[in-house]
>>> print(open('run_21.csv').read())   # CSV, C-alpha atoms and all ligand atoms
chain,number,residue,atom,x,y,z
A,1255,MET,CA,12.5,-34.1,-8.4
A,1256,LYS,CA,10.4,-31.1,-7.3
A,1257,THR,CA,11.3,-27.8,-9.0
A,1258,TYR,CA,10.4,-24.5,-7.4
A,1259,LYS,CA,10.2,-21.7,-9.9
A,1260,ILE,CA,11.4,-18.5,-8.3
A,1261,ALA,CA,11.2,-15.0,-9.8
A,1262,VAL,CA,14.1,-13.0,-8.7
A,1263,ILE,CA,13.9,-9.2,-8.6
A,1264,PRO,CA,17.3,-8.0,-7.3
A,1265,GLY,CA,16.2,-4.4,-7.7
A,1266,ASP,CA,18.4,-1.4,-6.9
A,1267,GLY,CA,21.4,-0.4,-4.7
A,1268,ILE,CA,22.5,-3.2,-2.5
A,1269,GLY,CA,19.5,-5.4,-3.6
A,1270,PRO,CA,21.5,-7.4,-6.2
A,1271,GLU,CA,24.4,-7.9,-3.8
A,1272,VAL,CA,22.4,-9.4,-1.0
A,1273,ILE,CA,20.1,-11.4,-3.3
A,1274,ASN,CA,23.2,-13.1,-4.9
A,1275,GLU,CA,24.2,-14.4,-1.5
A,1276,GLY,CA,20.7,-15.6,-0.7
A,1277,VAL,CA,20.5,-17.5,-4.0
A,1278,LYS,CA,23.8,-19.1,-3.2
A,1279,VAL,CA,22.5,-20.4,0.1
A,1280,LEU,CA,19.2,-21.6,-1.3
A,1281,ASN,CA,21.0,-23.5,-4.2
A,1282,LYS,CA,23.3,-25.2,-1.7
A,1283,ILE,CA,20.4,-26.4,0.5
A,1284,ALA,CA,18.6,-27.8,-2.6
A,1285,GLU,CA,21.8,-29.5,-3.8
A,1286,LEU,CA,22.4,-31.1,-0.4
A,1287,ASP,CA,18.8,-32.3,-0.2
A,1288,SER,CA,18.6,-33.5,-3.8
A,1289,SER,CA,14.8,-34.1,-3.7
A,1290,PHE,CA,14.1,-30.5,-4.9
A,1291,LYS,CA,15.7,-27.7,-6.8
A,1292,PHE,CA,15.2,-24.1,-7.6
A,1293,ASP,CA,14.8,-22.6,-11.0
A,1294,PHE,CA,15.6,-18.9,-10.7
A,1295,THR,CA,14.5,-16.4,-13.4
A,1296,TYR,CA,15.8,-12.9,-13.1
A,1297,PHE,CA,13.9,-9.7,-13.8
A,1298,PRO,CA,15.8,-6.5,-14.3
A,1299,TRP,CA,13.0,-4.3,-12.9
A,1300,GLY,CA,13.6,-1.3,-10.6
A,1301,CYS,CA,14.9,2.3,-10.8
A,1302,ARG,CA,17.6,1.6,-13.5
A,1303,PHE,CA,14.8,0.1,-15.6
A,1304,TYR,CA,12.7,3.1,-14.9
A,1305,THR,CA,15.4,5.5,-16.0
A,1306,LYS,CA,15.6,3.6,-19.4
A,1307,HIS,CA,11.9,2.8,-20.0
A,1308,GLY,CA,9.9,5.2,-17.9
A,1309,LYS,CA,8.3,2.4,-15.8
A,1310,MET,CA,9.4,0.2,-13.0
A,1311,MET,CA,8.4,-3.1,-14.6
A,1312,ASP,CA,7.1,-4.4,-17.9
A,1313,ASP,CA,3.5,-3.6,-18.7
A,1314,ASP,CA,2.6,-7.3,-18.4
A,1315,GLY,CA,4.9,-7.8,-15.4
A,1316,ILE,CA,2.2,-9.1,-13.2
A,1317,ASP,CA,1.2,-11.7,-15.8
A,1318,GLN,CA,4.8,-12.8,-16.2
A,1319,LEU,CA,5.2,-13.3,-12.4
A,1320,LYS,CA,1.9,-15.2,-12.0
A,1321,GLU,CA,3.3,-18.5,-13.0
A,1322,PHE,CA,6.1,-18.6,-10.3
A,1323,ASP,CA,6.0,-20.4,-7.0
A,1324,ALA,CA,7.5,-17.4,-5.2
A,1325,ILE,CA,9.2,-14.1,-5.7
A,1326,TYR,CA,12.6,-13.2,-4.1
A,1327,LEU,CA,13.1,-9.5,-3.9
A,1328,GLY,CA,16.2,-7.4,-2.9
A,1329,ALA,CA,15.2,-3.8,-2.5
A,1330,VAL,CA,13.9,-1.0,-4.7
A,1331,GLY,CA,14.5,2.7,-4.7
A,1332,PHE,CA,17.4,5.0,-5.8
A,1333,PRO,CA,18.1,8.7,-5.8
A,1334,GLY,CA,16.7,10.2,-9.0
A,1335,VAL,CA,13.5,8.3,-8.9
A,1336,PRO,CA,10.9,9.5,-6.4
A,1337,ASP,CA,10.3,7.0,-3.7
A,1338,HIS,CA,6.6,7.0,-4.1
A,1339,ILE,CA,7.1,5.8,-7.7
A,1340,SER,CA,9.5,3.0,-6.9
A,1341,LEU,CA,7.3,1.8,-4.1
A,1342,TRP,CA,3.9,2.1,-5.7
A,1343,ASP,CA,4.8,1.0,-9.2
A,1344,LEU,CA,6.6,-2.2,-8.2
A,1345,LEU,CA,6.5,-3.4,-4.7
A,1346,LEU,CA,2.9,-2.4,-3.8
A,1347,VAL,CA,1.6,-3.4,-7.2
A,1348,ILE,CA,2.9,-6.9,-6.6
A,1349,ARG,CA,1.6,-7.1,-3.0
A,1350,LYS,CA,-1.8,-5.9,-4.1
A,1351,SER,CA,-2.2,-7.8,-7.4
A,1352,PHE,CA,-1.2,-11.1,-5.8
A,1353,ASP,CA,-3.4,-10.4,-2.8
A,1354,GLN,CA,-0.4,-10.9,-0.5
A,1355,TYR,CA,-2.5,-9.7,2.4
A,1356,VAL,CA,-0.3,-11.1,5.2
A,1357,ASN,CA,3.0,-9.5,5.9
A,1358,LEU,CA,5.0,-11.7,8.3
A,1359,ARG,CA,7.8,-10.0,10.2
A,1360,PRO,CA,9.6,-11.9,12.9
A,1361,VAL,CA,11.0,-9.6,15.6
A,1362,LYS,CA,13.3,-12.1,17.4
A,1363,LEU,CA,16.6,-11.4,19.2
A,1364,LEU,CA,18.8,-14.1,17.8
A,1365,ARG,CA,21.7,-15.6,19.7
A,1366,GLY,CA,24.6,-13.3,19.3
A,1367,ALA,CA,22.6,-10.3,18.0
A,1368,HIS,CA,23.0,-6.9,19.6
A,1369,SER,CA,19.8,-5.3,20.9
A,1370,ALA,CA,19.5,-1.5,21.2
A,1371,LEU,CA,18.0,-2.3,24.6
A,1372,ALA,CA,20.4,-2.8,27.6
A,1373,ASN,CA,20.3,-6.0,29.7
A,1374,THR,CA,18.0,-7.9,27.3
A,1375,LYS,CA,17.9,-11.7,27.1
A,1376,ASN,CA,17.2,-13.5,23.9
A,1377,ASP,CA,13.9,-14.9,25.3
A,1378,ASP,CA,12.7,-11.3,26.1
A,1379,ILE,CA,12.3,-10.5,22.4
A,1380,ASP,CA,10.5,-13.1,20.4
A,1381,MET,CA,7.5,-11.7,18.5
A,1382,LEU,CA,5.9,-12.3,15.2
A,1383,PHE,CA,4.2,-9.3,13.6
A,1384,ILE,CA,1.3,-10.1,11.3
A,1385,ARG,CA,0.7,-6.9,9.4
A,1386,GLU,CA,-2.2,-6.2,7.1
A,1387,ASN,CA,-0.6,-5.8,3.7
A,1388,THR,CA,-3.1,-4.8,1.0
A,1389,GLU,CA,-5.3,-2.0,2.3
A,1390,GLY,CA,-5.6,0.2,5.4
A,1391,GLU,CA,-3.6,3.4,5.4
A,1392,TYR,CA,-1.7,2.2,2.2
A,1393,SER,CA,-4.8,1.7,0.1
A,1394,GLY,CA,-3.7,4.5,-2.2
A,1395,ALA,CA,-7.2,6.1,-2.1
A,1396,GLY,CA,-7.4,9.8,-2.0
A,1397,ASP,CA,-7.1,12.9,-4.1
A,1398,TRP,CA,-5.0,16.0,-4.6
A,1399,LEU,CA,-7.2,19.0,-5.3
A,1400,PHE,CA,-6.4,22.5,-6.4
A,1401,LYS,CA,-2.7,21.6,-6.7
A,1402,GLY,CA,-0.4,24.6,-6.1
A,1403,GLN,CA,-3.3,27.0,-5.4
A,1404,ASP,CA,-4.2,28.7,-2.1
A,1405,ASN,CA,-7.1,26.3,-1.5
A,1406,GLU,CA,-4.9,23.2,-2.1
A,1407,VAL,CA,-6.3,20.1,-0.4
A,1408,VAL,CA,-4.8,16.6,0.0
A,1409,LEU,CA,-6.9,13.6,1.0
A,1410,GLN,CA,-5.3,10.3,1.9
A,1411,ASN,CA,-8.0,7.8,2.9
A,1412,ALA,CA,-7.5,4.7,4.9
A,1413,VAL,CA,-9.6,1.7,3.7
A,1414,PHE,CA,-10.7,-1.0,6.1
A,1415,SER,CA,-13.0,-3.5,4.5
A,1416,ARG,CA,-14.8,-6.1,6.6
A,1417,LYS,CA,-13.3,-8.9,4.4
A,1418,GLY,CA,-9.7,-7.4,4.7
A,1419,THR,CA,-9.9,-6.7,8.4
A,1420,GLU,CA,-11.5,-10.0,9.3
A,1421,ARG,CA,-9.1,-12.2,7.3
A,1422,ILE,CA,-5.9,-10.8,8.7
A,1423,ILE,CA,-7.2,-11.0,12.3
A,1424,ARG,CA,-8.4,-14.5,11.7
A,1425,TYR,CA,-5.1,-15.5,10.2
A,1426,ALA,CA,-3.3,-14.1,13.3
A,1427,PHE,CA,-5.7,-16.1,15.6
A,1428,GLU,CA,-4.9,-19.3,13.7
A,1429,VAL,CA,-1.2,-18.7,14.1
A,1430,ALA,CA,-1.6,-17.9,17.8
A,1431,ARG,CA,-3.7,-21.0,18.4
A,1432,ARG,CA,-1.3,-23.3,16.4
A,1433,GLU,CA,1.7,-22.0,18.3
A,1434,GLY,CA,0.0,-21.8,21.7
A,1435,LYS,CA,0.9,-18.1,22.1
A,1436,THR,CA,-0.8,-14.9,23.1
A,1437,LEU,CA,-2.2,-12.5,20.4
A,1438,THR,CA,-2.0,-8.8,20.8
A,1439,SER,CA,-4.0,-6.4,18.6
A,1440,ILE,CA,-2.6,-2.9,18.0
A,1441,SER,CA,-4.9,-0.1,16.9
A,1442,LYS,CA,-5.8,3.5,17.8
A,1443,ALA,CA,-9.6,3.6,18.4
A,1444,ASN,CA,-9.5,6.7,20.7
A,1445,ALA,CA,-8.4,9.0,17.8
A,1446,LEU,CA,-9.4,7.1,14.6
A,1447,ASN,CA,-13.0,6.9,15.5
A,1448,TYR,CA,-14.2,4.9,12.5
A,1449,SER,CA,-11.4,2.7,11.2
A,1450,MET,CA,-9.9,1.6,14.5
A,1451,VAL,CA,-13.2,1.3,16.4
A,1452,PHE,CA,-14.2,-1.0,13.5
A,1453,TRP,CA,-10.8,-2.9,13.8
A,1454,ASP,CA,-11.3,-3.4,17.6
A,1455,GLU,CA,-14.9,-4.6,17.1
A,1456,VAL,CA,-13.8,-7.2,14.4
A,1457,PHE,CA,-11.0,-8.3,16.7
A,1458,GLU,CA,-13.5,-8.9,19.5
A,1459,GLU,CA,-15.9,-10.7,17.2
A,1460,VAL,CA,-13.2,-13.1,15.8
A,1461,SER,CA,-11.8,-13.7,19.3
A,1462,LEU,CA,-15.1,-15.5,20.2
A,1463,ASP,CA,-14.1,-18.3,17.8
A,1464,TYR,CA,-10.8,-18.7,19.6
A,1465,PRO,CA,-11.5,-18.9,23.3
A,1466,GLU,CA,-8.3,-20.7,24.0
A,1467,VAL,CA,-6.1,-17.8,22.7
A,1468,LYS,CA,-5.2,-15.2,25.3
A,1469,THR,CA,-5.5,-11.7,23.9
A,1470,ALA,CA,-4.4,-8.2,24.6
A,1471,SER,CA,-5.2,-4.9,22.8
A,1472,TYR,CA,-3.1,-1.7,22.9
A,1473,LEU,CA,-3.2,1.7,21.4
A,1474,VAL,CA,-0.3,2.1,18.9
A,1475,ASP,CA,1.5,4.8,21.0
A,1476,ALA,CA,1.4,2.7,24.1
A,1477,ALA,CA,2.5,-0.3,22.1
A,1478,ALA,CA,5.6,1.6,20.8
A,1479,MET,CA,6.5,2.4,24.4
A,1480,LEU,CA,5.9,-1.1,25.7
A,1481,MET,CA,8.0,-2.7,22.9
A,1482,ILE,CA,10.9,-0.8,24.5
A,1483,THR,CA,10.1,-1.1,28.1
A,1484,ASP,CA,8.6,-4.6,28.3
A,1485,PRO,CA,9.0,-6.4,24.9
A,1486,LYS,CA,8.4,-9.8,26.6
A,1487,ARG,CA,4.7,-9.2,26.7
A,1488,PHE,CA,4.4,-9.4,22.9
A,1489,GLU,CA,4.2,-12.8,21.2
A,1490,ILE,CA,1.9,-12.8,18.1
A,1491,VAL,CA,0.9,-9.3,17.1
A,1492,VAL,CA,-1.7,-8.2,14.5
A,1493,THR,CA,-2.0,-4.7,13.3
A,1494,SER,CA,-2.7,-2.4,10.3
A,1495,ASN,CA,-0.5,-1.7,7.4
A,1496,LEU,CA,0.9,1.6,8.6
A,1497,PHE,CA,1.3,0.7,12.3
A,1498,GLY,CA,2.9,-2.6,11.3
A,1499,ASP,CA,5.4,-0.8,9.0
A,1500,ILE,CA,6.5,1.6,11.8
A,1501,LEU,CA,6.5,-0.7,14.7
A,1502,THR,CA,8.5,-3.4,12.9
A,1503,ASP,CA,11.3,-0.8,12.5
A,1504,VAL,CA,11.2,-0.4,16.3
A,1505,GLY,CA,11.3,-4.2,16.3
A,1506,ALA,CA,14.4,-4.2,14.0
A,1507,ALA,CA,16.2,-1.8,16.4
A,1508,ILE,CA,15.5,-3.9,19.5
A,1509,ALA,CA,16.3,-7.2,17.6
A,1510,GLY,CA,19.7,-6.6,16.1
A,1511,GLY,CA,19.2,-3.8,13.5
A,1512,ILE,CA,17.8,-3.3,10.1
A,1513,GLY,CA,20.4,-5.6,8.6
A,1514,LEU,CA,18.7,-8.5,10.2
A,1515,ALA,CA,15.0,-7.8,9.6
A,1516,ALA,CA,13.1,-10.0,7.2
A,1517,GLY,CA,9.6,-10.0,5.8
A,1518,ALA,CA,7.3,-12.4,3.9
A,1519,ASN,CA,4.3,-11.2,1.9
A,1520,ILE,CA,2.0,-14.1,1.8
A,1521,ASN,CA,-1.0,-15.1,-0.3
A,1522,PRO,CA,-2.3,-17.7,2.2
A,1523,LYS,CA,-4.5,-19.4,-0.4
A,1524,ARG,CA,-1.5,-19.9,-2.7
A,1525,LYS,CA,-3.5,-18.7,-5.6
A,1526,TYR,CA,-0.7,-16.3,-6.5
A,1527,PRO,CA,3.0,-16.3,-5.7
A,1528,SER,CA,4.1,-15.0,-2.3
A,1529,MET,CA,7.1,-12.6,-2.0
A,1530,PHE,CA,10.1,-12.8,0.3
A,1531,GLU,CA,12.4,-9.8,1.0
A,1532,PRO,CA,14.6,-8.2,3.5
A,1533,VAL,CA,12.9,-5.2,5.2
A,1534,HIS,CA,15.7,-2.8,4.6
A,1535,GLY,CA,15.9,-0.5,1.5
A,1536,SER,CA,18.5,-0.2,-1.2
A,1537,ALA,CA,21.0,1.6,1.0
A,1538,PRO,CA,22.4,3.8,-1.8
A,1539,ASP,CA,25.1,5.1,0.6
A,1540,ILE,CA,26.9,1.7,0.6
A,1541,ALA,CA,25.7,0.3,-2.7
A,1542,GLY,CA,28.3,-1.3,-5.0
A,1543,LYS,CA,31.0,-1.7,-2.3
A,1544,ASP,CA,30.3,-5.3,-1.3
A,1545,LEU,CA,29.7,-4.0,2.3
A,1546,SER,CA,26.0,-4.8,2.6
A,1547,ASN,CA,24.8,-7.2,5.2
A,1548,PRO,CA,23.0,-10.2,3.6
A,1549,LEU,CA,21.7,-11.7,6.9
A,1550,ALA,CA,18.1,-10.3,6.5
A,1551,THR,CA,18.0,-11.8,2.9
A,1552,PHE,CA,19.1,-15.1,4.4
A,1553,TRP,CA,16.3,-14.9,6.9
A,1554,SER,CA,13.8,-14.2,4.2
A,1555,ALA,CA,15.1,-17.2,2.3
A,1556,SER,CA,14.4,-19.2,5.5
A,1557,GLN,CA,10.8,-17.8,5.4
A,1558,MET,CA,10.5,-19.1,1.9
A,1559,LEU,CA,11.6,-22.5,2.8
A,1560,ASP,CA,9.1,-22.6,5.7
A,1561,PHE,CA,6.4,-21.6,3.2
A,1562,PHE,CA,7.3,-24.5,0.9
A,1563,GLY,CA,7.1,-26.8,3.9
A,1564,TYR,CA,10.9,-27.2,4.5
A,1565,GLU,CA,10.8,-25.9,8.1
A,1566,GLU,CA,13.8,-27.9,9.0
A,1567,TYR,CA,15.9,-26.0,6.5
A,1568,GLY,CA,14.3,-22.7,7.5
A,1569,GLU,CA,15.6,-23.5,11.0
A,1570,VAL,CA,19.1,-24.4,9.6
A,1571,ILE,CA,19.3,-20.9,8.1
A,1572,VAL,CA,18.2,-19.1,11.2
A,1573,SER,CA,20.6,-21.1,13.4
A,1574,GLY,CA,23.3,-20.4,10.7
A,1575,ILE,CA,22.7,-16.7,11.2
A,1576,GLU,CA,23.0,-17.2,15.0
A,1577,GLU,CA,26.3,-19.0,14.5
A,1578,LEU,CA,27.6,-16.1,12.4
A,1579,LEU,CA,26.5,-13.6,15.0
A,1580,SER,CA,27.8,-15.5,17.9
A,1581,THR,CA,31.3,-16.3,16.6
A,1582,LYS,CA,31.6,-12.7,15.2
A,1583,GLU,CA,34.2,-14.0,12.8
A,1584,LEU,CA,32.6,-12.9,9.6
A,1585,LEU,CA,30.3,-9.9,9.9
A,1586,THR,CA,29.8,-6.9,7.7
A,1587,PRO,CA,30.7,-3.4,9.0
A,1588,ASP,CA,27.1,-2.5,10.2
A,1589,MET,CA,27.4,-5.4,12.6
A,1590,GLY,CA,30.9,-4.4,13.8
A,1591,GLY,CA,32.9,-6.6,11.5
A,1592,THR,CA,35.1,-6.2,8.5
A,1593,ALA,CA,33.8,-8.9,6.1
A,1594,THR,CA,32.4,-8.3,2.6
A,1595,THR,CA,28.9,-9.3,1.6
A,1596,SER,CA,30.3,-12.2,-0.5
A,1597,GLU,CA,32.5,-13.5,2.3
A,1598,VAL,CA,29.5,-13.6,4.6
A,1599,GLY,CA,27.6,-15.5,1.9
A,1600,ASP,CA,30.4,-18.0,1.5
A,1601,LYS,CA,30.6,-18.6,5.2
A,1602,MET,CA,26.9,-19.1,5.4
A,1603,VAL,CA,27.1,-21.7,2.6
A,1604,GLU,CA,29.8,-23.5,4.7
A,1605,ILE,CA,27.7,-23.4,7.9
A,1606,VAL,CA,24.5,-24.7,6.3
A,1607,THR,CA,26.5,-27.4,4.6
A,1608,SER,CA,28.0,-28.6,7.8
A,1609,GLN,CA,24.7,-28.4,9.7
A,1610,ILE,CA,22.8,-30.4,7.0
A,1611,LYS,CA,25.6,-33.0,6.6
A,1612,GLY,CA,25.9,-33.2,10.4
A,1613,LYS,CA,22.1,-33.9,10.7
A,1614,VAL,CA,22.2,-36.5,8.0
A,1615,LEU,CA,25.2,-38.3,9.6
A,1616,GLY,CA,23.9,-37.8,13.1
B,1701,LIG,N1,11.5,-2.9,0.5
B,1701,LIG,C1,12.2,-2.0,-0.1
B,1701,LIG,O1,12.5,-2.2,-1.3
B,1701,LIG,C2,12.5,-0.7,0.5
B,1701,LIG,C3,12.4,-0.5,1.9
B,1701,LIG,C4,12.8,0.7,2.5
B,1701,LIG,C5,13.3,1.7,1.7
B,1701,LIG,N2,13.4,1.5,0.4
B,1701,LIG,C6,14.1,2.5,-0.5
B,1701,LIG,O2,15.5,2.4,-0.3
B,1701,LIG,C7,16.1,3.7,-0.5
B,1701,LIG,C8,16.9,4.1,0.7
B,1701,LIG,O3,16.1,4.2,1.8
B,1701,LIG,P1,16.6,4.4,3.3
B,1701,LIG,O4,17.9,5.0,3.3
B,1701,LIG,O5,15.5,5.2,4.0
B,1701,LIG,O6,16.6,3.0,4.0
B,1701,LIG,P2,17.7,1.9,3.9
B,1701,LIG,O7,17.2,0.7,4.6
B,1701,LIG,O8,18.1,1.6,2.5
B,1701,LIG,O9,19.0,2.4,4.6
B,1701,LIG,C9,19.0,3.0,5.9
B,1701,LIG,C10,20.4,2.8,6.6
B,1701,LIG,O10,20.6,1.5,6.9
B,1701,LIG,C11,21.8,1.0,6.2
B,1701,LIG,N3,21.4,-0.4,5.7
B,1701,LIG,C12,20.2,-0.8,5.2
B,1701,LIG,N4,20.3,-2.1,4.8
B,1701,LIG,C13,21.6,-2.5,5.1
B,1701,LIG,C14,22.3,-3.7,4.9
B,1701,LIG,N5,21.7,-4.8,4.4
B,1701,LIG,N6,23.6,-3.7,5.3
B,1701,LIG,C15,24.2,-2.7,5.8
B,1701,LIG,N7,23.6,-1.5,6.0
B,1701,LIG,C16,22.3,-1.4,5.6
B,1701,LIG,C17,22.0,2.0,5.0
B,1701,LIG,O11,23.4,2.0,4.7
B,1701,LIG,C18,21.5,3.3,5.6
B,1701,LIG,O12,22.5,3.9,6.4
B,1701,LIG,C19,14.9,4.7,-0.7
B,1701,LIG,O13,14.8,4.8,-2.1
B,1701,LIG,C20,13.7,3.9,-0.2
B,1701,LIG,O14,12.5,4.3,-0.8
B,1701,LIG,C21,13.0,0.3,-0.2
>>> encode(input="run_21.csv", output="structure tokens")
Amino acid sequence: MKTYKIAVIPGDGIGPEVINEGVKVLNKIAELDSSFKFDFTYFPWGCRFYTKHGKMMDDDGIDQLKEFDAIYLGAVGFPGVPDHISLWDLLLVIRKSFDQYVNLRPVKLLRGAHSALANTKNDDIDMLFIRENTEGEYSGAGDWLFKGQDNEVVLQNAVFSRKGTERIIRYAFEVARREGKTLTSISKANALNYSMVFWDEVFEEVSLDYPEVKTASYLVDAAAMLMITDPKRFEIVVTSNLFGDILTDVGAAIAGGIGLAAGANINPKRKYPSMFEPVHGSAPDIAGKDLSNPLATFWSASQMLDFFGYEEYGEVIVSGIEELLSTKELLTPDMGGTATTSEVGDKMVEIVTSQIKGKVLG
């Protein structure tokens, strides 16, 4: 029997609540399949750990994580610990150390989900954002000079290497070709006269290797508008770290809300573990009340199953989410329901069980 070793970092706030439910669903799928299982190891890292130890994770944390097949992360961040510390000292360290240079964020209006856009059909919103995840505007390069003085200067440099830019664009072309979809590049070459002119040039160059892929290229401001006024034109989208971060929140709003948005941080060569997480944060305002919506965490579990080659189970989870959304029987308050996090998790286990048993019997 194949065993997948998963490092679980529940993190802060609602992180542990939603991760519990995701683990429940993954375990049930493995049990029903019986050809593989998950071996989950929990790490207590996050803001509570920081308060006790003055650091977000163990000093050899990256070494400890190296041996796992994947990382399943809830959310990090909590009042009392500055957000740039919780983000940089845990999440971004993992993304960068494990060269998880692809951030995959589906922006898809599932059956039953409520879009912030009026009169939208499910088919109108079906995008996959491929966001550069290790450099660009989030490279962390810069300086803070003459702090607190009259001549204070802050420099935050964006870093676009040829290797980093080309590989993310090439990855996106591969996905677009495999799926027979269009590829849209989003940049800002009119204002960012080095980095984004370079990005556009690399996009043009790489496109020559994929003549069968239909492409489009937009400035980020126009793209933000078009995602609202004409979302159908976007299929596969490739963009930089910052632009992808912002635009996928627009995506979350038009595709059912932040409680549904999932993301995978992929090391395509599989040299290091990839990491799967909901896009939302630790939601301190509702933490500990069993009110958080676990659907995004389920969707990221489905991305993990896809990554391991169990696409049929990935699909079972996504259609399970659609069933929950469509019947509206058991949804958390952010989705207009009254169910608790664990009730939604239990229902999801029931749905995937009946779907998988139905498939086997059928
Ligand atoms: N990937 C991550 O770990 C991550 C991402 C974003 C923010 N953060 C951190 O989380 C903390 C809070 O940030 P924020 O308030 O800007 O964003 P947030 O996503 O935590 O919350 C924004 C709003 O959405 C609601 N919400 C979010 N997820 C929900 C869910 N699953 N179910 C129901 N409601 C949900 C919250 O209650 C809140 O009203 C900060 O410390 C921030 O740095 C972490």
>>> residues_around(input="run_21.csv", residues="Glu1391 of chain A", least_positions_apart="2", cutoff="10 Å", atoms="all atoms listed in the file", output="VMD selection string")
chain A and resid 1386 to 1389 1393 to 1395 1410 to 1414 1449 1494 to 1497
>>> residues_around(input="run_21.csv", residues="segment 1501-1508 of chain A", least_positions_apart="3", cutoff="10 Å", atoms="only C-alpha atoms", output="NGL selection string")
:A and (1359-1363 or 1367-1372 or 1374 or 1379-1385 or 1440 or 1474-1475 or 1477-1479 or 1481-1482 or 1485 or 1493 or 1496-1498 or 1511-1517 or 1533-1534)
>>> atom_distance(input="run_21.csv", atom1="atom CA of Gly1390 of chain A", atom2="atom CA of Asn1444 of chain A")
17.1 Å
>>> axis_aligned_box(input="run_21.csv", around="segment 1474-1486 of chain A", padding_each_side="8 Å", output="AutoDock Vina command-line options")
--center_x 5.3 --center_y -2.5 --center_z 23.6 --size_x 27.2 --size_y 30.6 --size_z 25.4
>>> atom_distance(input="run_21.csv", atom1="atom N3 of ligand LIG 1701 (chain B)", atom2="atom CA of Asn1547 of chain A")
7.6 Å
>>> closest_atom_pairs(input="run_21.csv", of="segment 1279-1365 of chain A", to="segment 1419-1435 of chain A", cutoff="12 Å", atoms="only C-alpha atoms", output="JSON lines")
{"residue": "A:Asp1353", "atom": "CA", "partner": "A:Arg1421", "partner_atom": "CA", "distance": 11.7}
{"residue": "A:Gln1354", "atom": "CA", "partner": "A:Ile1422", "partner_atom": "CA", "distance": 10.7}
{"residue": "A:Tyr1355", "atom": "CA", "partner": "A:Ile1422", "partner_atom": "CA", "distance": 7.2}
{"residue": "A:Val1356", "atom": "CA", "partner": "A:Ile1422", "partner_atom": "CA", "distance": 6.6}
{"residue": "A:Asn1357", "atom": "CA", "partner": "A:Ile1422", "partner_atom": "CA", "distance": 9.4}
{"residue": "A:Leu1358", "atom": "CA", "partner": "A:Ala1426", "partner_atom": "CA", "distance": 10.0}
>>> residues_around(input="run_21.csv", residues="segment 1463-1473 of chain A", least_positions_apart="3", cutoff="6 Å", atoms="all atoms listed in the file", output="list of chain:residue names")
A:Arg1431, A:Thr1436, A:Leu1437, A:Thr1438, A:Ser1439, A:Ile1440, A:Ser1441, A:Lys1442, A:Val1460, A:Ala1476, A:Ala1477
>>> closest_residue(input="run_21.csv", among="A:Ser1536, A:Thr1305, A:Thr1581, A:Asn1281", to="Val1330 of chain A", atoms="all atoms listed in the file")
A:Ser1536
>>> closest_residue(input="run_21.csv", among="A:Met1311, A:Val1491, A:Ile1273, A:Ala1537", to="ligand LIG 1701 (chain B)", atoms="only C-alpha atoms and all ligand atoms")
A:Ala1537
>>> atom_distance(input="run_21.csv", atom1="atom CA of Gly1267 of chain A", atom2="atom CA of Val1279 of chain A")
20.6 Å
>>> closest_residue(input="run_21.csv", among="A:Gly1315, A:Gly1568, A:Pro1264, A:Gly1563", to="ligand LIG 1701 (chain B)", atoms="only C-alpha atoms and all ligand atoms")
A:Pro1264
>>> residues_around(input="run_21.csv", residues="Phe1322 of chain A", least_positions_apart="2", cutoff="10 Å", atoms="only C-alpha atoms", output="list of chain:residue names")
A:Tyr1258, A:Lys1259, A:Ile1260, A:Ala1261, A:Val1262, A:Asp1293, A:Phe1294, A:Thr1295, A:Gln1318, A:Leu1319, A:Lys1320, A:Ala1324, A:Ile1325, A:Tyr1526, A:Pro1527, A:Ser1528
>>> closest_residue(input="run_21.csv", among="A:Arg1524, A:Leu1462, A:Leu1346, A:Leu1286", to="Phe1562 of chain A", atoms="all atoms listed in the file")
A:Arg1524
>>> residues_around(input="run_21.csv", residues="Lys1309 of chain A", least_positions_apart="2", cutoff="10 Å", atoms="all atoms listed in the file", output="list in words")
Trp1299, Gly1300, Cys1301, Arg1302, Phe1303, Tyr1304, Thr1305, Lys1306, His1307, Met1311, Asp1312, Asp1313, Ile1339, Ser1340, Asp1343 and Leu1344 of chain A
>>> closest_residue(input="run_21.csv", among="A:Asp1337, A:Glu1275, A:Asp1560, A:Asp1544", to="ligand LIG 1701 (chain B)", atoms="all atoms listed in the file")
A:Asp1337
>>> closest_residue(input="run_21.csv", among="A:Val1456, A:Val1272, A:Ile1610, A:Val1492", to="ligand LIG 1701 (chain B)", atoms="only C-alpha atoms and all ligand atoms")
A:Val1272
>>> decode(input="run_21.csv", residues="segment 1538-1550 of chain A", atoms="C-alpha atoms", output="compact mmCIF listing (two decimals), in the first residue's frame")
# COMPACT_ATOMS: atom_id res chain seq x y z
CA PRO A 1538 -9.32 35.95 14.12
CA ASP A 1539 -12.82 37.50 14.28
CA ILE A 1540 -14.49 34.08 14.13
CA ALA A 1541 -11.71 31.81 15.42
CA GLY A 1542 -12.59 29.17 18.01
CA LYS A 1543 -16.34 29.35 17.35
CA ASP A 1544 -16.63 26.41 14.96
CA LEU A 1545 -18.11 28.80 12.39
CA SER A 1546 -15.37 28.81 9.77
CA ASN A 1547 -16.07 27.58 6.30
CA PRO A 1548 -13.93 24.52 5.43
CA LEU A 1549 -14.83 24.41 1.71
CA ALA A 1550 -11.62 26.11 0.51
